[in-house]
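The block underneath contains the structure these notes are about, expressed in C-alpha cells.
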Amino acid sequence: MQIEKTNIQGCFILKPNVFKDERGSFFESFNQKAFEKLTGLNIDFVQDNQSISRRGVLRGLHFQTGEYAQAKLVRVIQGEVLDVVVDLRKESKTYGKHISVILNDDNNNQLFVPRGFAHGFITLSEEAIFSYKCDNFYNKESESGIIFNDPDLAIDWKLKASEILVSEKDEVLPNFRDLN
C-alpha cells in the first residue's frame with residue numbers, strides 16, 4: 001500500500017498494491033499495521049457501511065457532531081464515484097476548503113477522512129457499490145450536513161444539475177455559512 005497526502009492535512013489517498021493475472025486480481029483492502037505505519041494514525045474502525053447507488057445519486061454532504069464525530073475510510077467496490085470532503089475544523093488552515101477524488105473499481109484507491117469533515121459522493125457510473133469504515137457508531141441525533149450545491153463551497157460534482165438525484169432530507173440541509 002502507498003499513501004498520498006492531499007491538499008488538506010489529515011486526508012490521505014490509500015493506493016493498494018493490486019496483483020493481476022489471467023485469473024483476475026487481488027489486493028489487500030485494509031491492513032491496520034500498514035495503515036498505522038504509513039499515516040501515523042491509530043484508528044479503531046467499529047462499523048462498516050455499504051450503499052448501492054445509480055448514476056447521478058448524490059449522497060451528502062454529511063457529518064456527525066460532538067462525541068459521535070466519525071473518521072471514515074471510503075472506497076468503491078464496483079463502479080465510479082466522485083468523492084468530496086469539506087474541512088469543518090475551525091482551527092485548520094484549510095477550514096471551509098474541499099477536495100474531490102475519483103474512486104472506482106479500476107484504481108481501487110481509498111480516501112481516509114478524519115473526524116471534523118463533511119463527506120459526500122456522487123455516482124458517475126451506471127451503478128456503484130460504495131463501502132466505508134467508521135471509527136465511531138452512527139447516532140441519529142448527531143447527524144448533520146451541508147447542502148450539496150452550497151454557493152460558497154462551489155463544488156463541481158461533474159454532472160449537470162438535471163442529472164443529480166438527492167434525497168428529500170439532503171435537499172434541505174443548511175449552507176456552510178449557516179452551520180455556525
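In the C-alpha cells, chains take the letters A, B, ... in the order shown, each chain's residues start at 1, and ligands count up from 1 in the order shown.
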May I have the residues within 10 Å of A:Thr65 as a list in words, using only C-alpha atoms and disregarding those fewer than 6 positions away in the same chain?
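The residues satisfying every condition are Arg115, Gly116, Phe117, Asn139, Glu141, Ser142, Glu143, Ser144 and Gly145 of chain A.
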Dump N, CA, C and O atoms for the selected residues as a PDB file, in the first residue's frame?
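And here is the file that came out, part27.pdb:
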```pdb
ATOM      1  N   ARG A 115     -11.977  12.835  11.462  1.00  0.00           N
ATOM      2  CA  ARG A 115     -13.107  13.493  12.123  1.00  0.00           C
ATOM      3  C   ARG A 115     -13.032  14.992  11.826  1.00  0.00           C
ATOM      4  O   ARG A 115     -11.958  15.537  11.632  1.00  0.00           O
ATOM      5  N   GLY A 116     -14.199  15.623  11.776  1.00  0.00           N
ATOM      6  CA  GLY A 116     -14.230  17.055  11.537  1.00  0.00           C
ATOM      7  C   GLY A 116     -14.411  17.425  10.079  1.00  0.00           C
ATOM      8  O   GLY A 116     -14.096  18.543   9.679  1.00  0.00           O
ATOM      9  N   PHE A 117     -14.925  16.502   9.282  1.00  0.00           N
ATOM     10  CA  PHE A 117     -15.149  16.752   7.861  1.00  0.00           C
ATOM     11  C   PHE A 117     -16.577  16.385   7.479  1.00  0.00           C
ATOM     12  O   PHE A 117     -17.147  15.434   8.007  1.00  0.00           O
ATOM     13  N   ASN A 139     -25.087   7.906  15.188  1.00  0.00           N
ATOM     14  CA  ASN A 139     -26.050   8.382  16.167  1.00  0.00           C
ATOM     15  C   ASN A 139     -26.968   9.372  15.463  1.00  0.00           C
ATOM     16  O   ASN A 139     -26.525  10.442  15.051  1.00  0.00           O
ATOM     17  N   GLU A 141     -29.270  11.444  16.374  1.00  0.00           N
ATOM     18  CA  GLU A 141     -29.399  12.782  16.951  1.00  0.00           C
ATOM     19  C   GLU A 141     -28.188  13.666  16.662  1.00  0.00           C
ATOM     20  O   GLU A 141     -28.250  14.886  16.817  1.00  0.00           O
ATOM     21  N   SER A 142     -27.081  13.073  16.258  1.00  0.00           N
ATOM     22  CA  SER A 142     -25.851  13.826  15.999  1.00  0.00           C
ATOM     23  C   SER A 142     -25.579  14.031  14.518  1.00  0.00           C
ATOM     24  O   SER A 142     -24.534  14.567  14.159  1.00  0.00           O
ATOM     25  N   GLU A 143     -26.506  13.592  13.651  1.00  0.00           N
ATOM     26  CA  GLU A 143     -26.257  13.749  12.221  1.00  0.00           C
ATOM     27  C   GLU A 143     -26.530  15.184  11.792  1.00  0.00           C
ATOM     28  O   GLU A 143     -27.405  15.866  12.316  1.00  0.00           O
ATOM     29  N   SER A 144     -25.718  15.630  10.841  1.00  0.00           N
ATOM     30  CA  SER A 144     -25.872  16.964  10.298  1.00  0.00           C
ATOM     31  C   SER A 144     -25.344  16.958   8.871  1.00  0.00           C
ATOM     32  O   SER A 144     -24.915  15.917   8.376  1.00  0.00           O
ATOM     33  N   GLY A 145     -25.369  18.114   8.231  1.00  0.00           N
ATOM     34  CA  GLY A 145     -24.885  18.161   6.868  1.00  0.00           C
ATOM     35  C   GLY A 145     -24.870  19.567   6.302  1.00  0.00           C
ATOM     36  O   GLY A 145     -25.256  20.534   6.969  1.00  0.00           O
TER      37      GLY A 145
END
```
Sorted by chain and rising residue number, list the residues of stretch 84-163 of chain A at most 6 Å from stretch 74-80 of chain A (counting only C-alpha atoms), each with its closest atom pair and distance in Å to one decimal, as CSV.
```
residue,atom,partner,partner_atom,distance
A:Leu103,CA,A:Glu80,CA,5.8
A:Asn104,CA,A:Glu80,CA,4.2
A:Asp105,CA,A:Gln78,CA,5.1
A:Gln110,CA,A:Arg75,CA,4.7
A:Leu111,CA,A:Val74,CA,5.3
A:Leu124,CA,A:Glu80,CA,5.5
A:Ser125,CA,A:Glu80,CA,5.2
A:Glu127,CA,A:Gly79,CA,5.9
A:Ala128,CA,A:Gly79,CA,4.3
A:Ile129,CA,A:Gln78,CA,5.0
A:Phe130,CA,A:Val76,CA,4.5
A:Ser131,CA,A:Arg75,CA,5.4
A:Tyr132,CA,A:Val74,CA,4.2
```
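Distances to A:Trp157 were evaluated for A:Asn107, A:Gln64, A:Ser100, A:Asn175 using only C-alpha atoms, and the minimum falls at A:Ser100.
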Excluding stretch 82-86 of chain A and its own-chain neighbours fewer than 2 positions away, which residues fall within 7 Å of it when counting only C-alpha atoms? Please give them as a list in words.
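The neighbour list is Leu88, Gly96, Lys97, His98, Ile99, Ser100, Val101, Ile102, Leu103, Phe117, Ala118, His119, Gly120, Phe121, Ile122, Thr123 and Leu124 of chain A.
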Mind writing the picked residues with N, CA and C atoms as a short mmCIF file (atom, residue, chain, number, x, y, z; two decimals), in the first residue's frame?
```
data_model
loop_
_atom_site.label_atom_id
_atom_site.label_comp_id
_atom_site.auth_asym_id
_atom_site.auth_seq_id
_atom_site.Cartn_x
_atom_site.Cartn_y
_atom_site.Cartn_z
N LEU A 88 -14.22 20.97 8.18
CA LEU A 88 -15.05 21.73 9.11
C LEU A 88 -14.29 22.07 10.40
N GLY A 96 -13.15 25.13 5.61
CA GLY A 96 -14.05 25.52 4.53
C GLY A 96 -13.59 25.11 3.14
N LYS A 97 -12.43 24.51 3.04
CA LYS A 97 -11.93 24.04 1.74
C LYS A 97 -12.38 22.59 1.53
N HIS A 98 -12.38 22.20 0.26
CA HIS A 98 -12.77 20.81 -0.04
C HIS A 98 -11.80 20.21 -1.05
N ILE A 99 -11.81 18.88 -1.08
CA ILE A 99 -11.10 18.14 -2.11
C ILE A 99 -12.07 17.15 -2.73
N SER A 100 -11.81 16.81 -3.98
CA SER A 100 -12.59 15.82 -4.72
C SER A 100 -11.65 14.76 -5.24
N VAL A 101 -12.05 13.50 -5.13
CA VAL A 101 -11.23 12.38 -5.56
C VAL A 101 -12.11 11.39 -6.32
N ILE A 102 -11.62 10.93 -7.46
CA ILE A 102 -12.32 9.86 -8.19
C ILE A 102 -11.93 8.53 -7.55
N LEU A 103 -12.93 7.78 -7.13
CA LEU A 103 -12.73 6.43 -6.60
C LEU A 103 -13.49 5.47 -7.51
N PHE A 117 -14.93 16.50 9.28
CA PHE A 117 -15.15 16.75 7.86
C PHE A 117 -16.58 16.38 7.48
N ALA A 118 -17.14 17.15 6.54
CA ALA A 118 -18.37 16.74 5.87
C ALA A 118 -17.96 15.86 4.70
N HIS A 119 -18.76 14.87 4.39
CA HIS A 119 -18.42 13.91 3.34
C HIS A 119 -19.63 13.66 2.44
N GLY A 120 -19.36 13.51 1.16
CA GLY A 120 -20.41 13.16 0.22
C GLY A 120 -19.82 12.57 -1.04
N PHE A 121 -20.66 11.95 -1.84
CA PHE A 121 -20.21 11.41 -3.12
C PHE A 121 -21.36 11.40 -4.11
N ILE A 122 -20.98 11.39 -5.39
CA ILE A 122 -21.96 11.28 -6.47
C ILE A 122 -21.53 10.13 -7.37
N THR A 123 -22.49 9.33 -7.79
CA THR A 123 -22.21 8.19 -8.64
C THR A 123 -22.09 8.64 -10.09
N LEU A 124 -20.93 8.34 -10.69
CA LEU A 124 -20.65 8.73 -12.08
C LEU A 124 -20.91 7.58 -13.06
#
```
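For stretch 38-122 of chain A, backbone-based DSSP assignment of helix (DSSP H, G or I) covers Leu38, Thr39, Gly66, Glu67 and Tyr68 of chain A.
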N, CA, C and O atoms of the current selection, written as a compact mmCIF listing (two decimals), in the first residue's frame:
```
# COMPACT_ATOMS: atom_id res chain seq x y z
N LEU A 38 2.05 3.95 7.85
CA LEU A 38 2.11 4.93 6.77
C LEU A 38 1.46 6.27 7.11
O LEU A 38 1.87 7.30 6.57
N THR A 39 0.46 6.27 7.98
CA THR A 39 -0.23 7.52 8.31
C THR A 39 0.18 8.08 9.67
O THR A 39 -0.04 9.27 9.94
N GLY A 66 -20.13 16.42 17.60
CA GLY A 66 -19.78 16.15 19.00
C GLY A 66 -19.06 14.84 19.21
O GLY A 66 -18.21 14.44 18.42
N GLU A 67 -19.45 14.15 20.27
CA GLU A 67 -18.79 12.89 20.63
C GLU A 67 -19.03 11.79 19.61
O GLU A 67 -18.37 10.76 19.65
N TYR A 68 -19.95 12.00 18.69
CA TYR A 68 -20.25 11.00 17.67
C TYR A 68 -19.59 11.29 16.32
O TYR A 68 -19.91 10.64 15.32
```
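Closest to A:Glu168 among A:Leu73, A:Leu58, A:Val113, A:Leu153 is A:Leu58, based on only C-alpha atoms.
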